Amino acid sequence: MDAFDGKALLLLSGGFDSPVAGHLMKRKGLDVVALHFSYEPVTDDASVHKAVRLARHAGIARLFVVRAGDAFKEVVKHCRHKLYFVITKRLMMRVASEIAKREDCDYLITGESLGQVSSQTLRNLDVIDRAATVPVLRPLVGFDKQEIIDRAKGIGTYEISVGPELCDILGPKHPATQARIEDVEEEEAKLDRDGLVAGMIASMRVLEVAAEPLEVAG
């Protein structure tokens with residue numbers, strides 16, 4: 001595979017997709033650090049433990065952990081629920097972009113692929129990307145779910161990732177699939193968007209994964 005220089009911030013969930021995306025971009029020659037959005041205090045910190053294991057397995061030495069639960073509850077409270085996934089991902093892009101700049105990262109990496117869930121359409125991804133101020137790489141964009149699972153098994157992350165994911169816990173059953181930027185911005189105007197972003201960044205912990213024990217709560 002052709003290598004290229006640079007540093008990237010991987011948005012690392014506990015699922016199958018993002019570890020595979022990070023692995024592919026590391027193979028391309030990128031220096032990868034990772035960011036995990038915990039849904040605490042809506043959930044416990046189980047996803048953080050999983051993210052630590054995934055980062056360690058992938059050879060990613062630095063993991064940033066941001067608590068997003070309170071901010072995402074504000075989205076549920078004030079915004080049209082069908083736009084929840086687009087609005088929360090735009091918040092994540094804003095937070096990730098700020099952290100990436102602080103860490104001198106050239107790119108963001110996500111594990112999204114087209115059509116894997118109903119909200120991951122070209123229109124929605126375009127609206128989400130408009131909130132980022134750092135280029136977004138999606139190495140899995142054309143993959144189907146089975147291809148991703150097969151890759152996860154091949155690199156040894158499948159057994160860590162298997163199990164229920166909680167990222168949909170606050171989301172709608174029928175999310176918007178063709179969000180319009182005008183509608184999304186109208187809903188975002190109901191939020192203290194900058195305050196939510198600042199609050200999430202202020203919650204950030206930095207875990208040096210190679211030496212970090214799994215007891216990371218607190």
# chains A, B, ... in the order shown; residues from 1 in each chain; ligands from 1
$ select_by_dssp --residues "segment 32-210 of chain A" --states "strand (DSSP E)" --output "tab-separated table (two decimals) with C-alpha atoms, in the first residue's frame"
chain	number	residue	atom	x	y	z
A	32	VAL	CA	-2.57	7.73	14.62
A	33	VAL	CA	-3.83	8.91	18.00
A	34	ALA	CA	-7.40	8.32	19.12
A	35	LEU	CA	-10.41	10.11	20.60
A	36	HIS	CA	-13.25	8.30	22.35
A	37	PHE	CA	-16.60	9.95	23.14
A	38	SER	CA	-18.00	8.41	26.31
A	62	ARG	CA	-2.42	8.05	23.23
A	63	LEU	CA	-6.18	8.03	23.79
A	64	PHE	CA	-8.26	11.11	24.51
A	65	VAL	CA	-11.55	10.51	26.33
A	66	VAL	CA	-14.35	13.10	26.26
A	67	ARG	CA	-17.60	12.86	28.23
A	107	TYR	CA	-6.65	14.56	9.47
A	108	LEU	CA	-9.59	13.05	11.29
A	109	ILE	CA	-10.43	9.37	10.70
A	136	VAL	CA	-12.01	13.82	7.31
A	137	LEU	CA	-10.79	10.42	6.06
A	205	ARG	CA	-8.76	13.02	29.85
A	206	VAL	CA	-5.56	11.87	28.17
A	207	LEU	CA	-4.67	8.21	28.64
A	208	GLU	CA	-1.20	7.00	27.79
$ closest_atom_pairs --of "segment 30-93 of chain A" --to "segment 168-183 of chain A" --cutoff "7 Å" --atoms "only C-alpha atoms" --output "tab-separated table"
residue	atom	partner	partner_atom	distance
A:His81	CA	A:Pro172	CA	6.1
A:Lys82	CA	A:Pro175	CA	4.4
A:Leu83	CA	A:Ala176	CA	5.7
A:Tyr84	CA	A:Gly171	CA	6.1
A:Phe85	CA	A:Gly171	CA	6.7
$ residues_around --residues "Ile149 of chain A" --least-positions-apart "4" --cutoff "8 Å" --atoms "only C-alpha atoms" --output "PDB file with C-alpha atoms, in the first residue's frame"
ATOM      1  CA  PHE A  16     -16.096  -2.947  14.755  1.00  0.00           C
ATOM      2  CA  ASP A  17     -15.694  -0.099  12.292  1.00  0.00           C
ATOM      3  CA  LYS A 145     -20.658  -4.759   7.167  1.00  0.00           C
ATOM      4  CA  LYS A 153     -11.349 -10.690  12.795  1.00  0.00           C
ATOM      5  CA  TYR A 158     -13.429  -8.514  16.646  1.00  0.00           C
TER       6      TYR A 158
END
$ closest_residue --among "A:Ile201, A:Val52, A:Leu140, A:Ala189" --to "Gly14 of chain A" --atoms "only C-alpha atoms"
A:Val52
$ atom_distance --atom1 "atom CA of Gly156 of chain A" --atom2 "atom CA of Ala51 of chain A"
14.0 Å
$ atom_distance --atom1 "atom CA of Lys77 of chain A" --atom2 "atom CA of Thr110 of chain A"
26.5 Å
$ residues_around --residues "Val42 of chain A" --least-positions-apart "2" --cutoff "10 Å" --atoms "only C-alpha atoms" --output "MDAnalysis selection string"
chainID A and resid 38:40 44:45 67:70 72:73 166 169:170
$ select_by_dssp --residues "segment 135-178 of chain A" --states "helix (DSSP H, G or I)" --output "list in words"
Lys145, Gln146, Glu147, Ile148, Ile149, Asp150, Arg151, Ala152, Lys153, Gly154, Ile155, Tyr158, Glu159, Ile160 and Ser161 of chain A
$ closest_residue --among "A:Leu9, A:Ala71, A:Ser203, A:Ala132" --to "Cys105 of chain A" --atoms "only C-alpha atoms"
A:Leu9
$ residues_around --residues "Leu114 of chain A" --least-positions-apart "5" --cutoff "10 Å" --atoms "only C-alpha atoms" --output "list in words"
Ser119, Gln120, Thr121, Leu122, Asn124, Leu125, Arg138, Leu140, Val141, Gly142, Phe143 and Asp144 of chain A
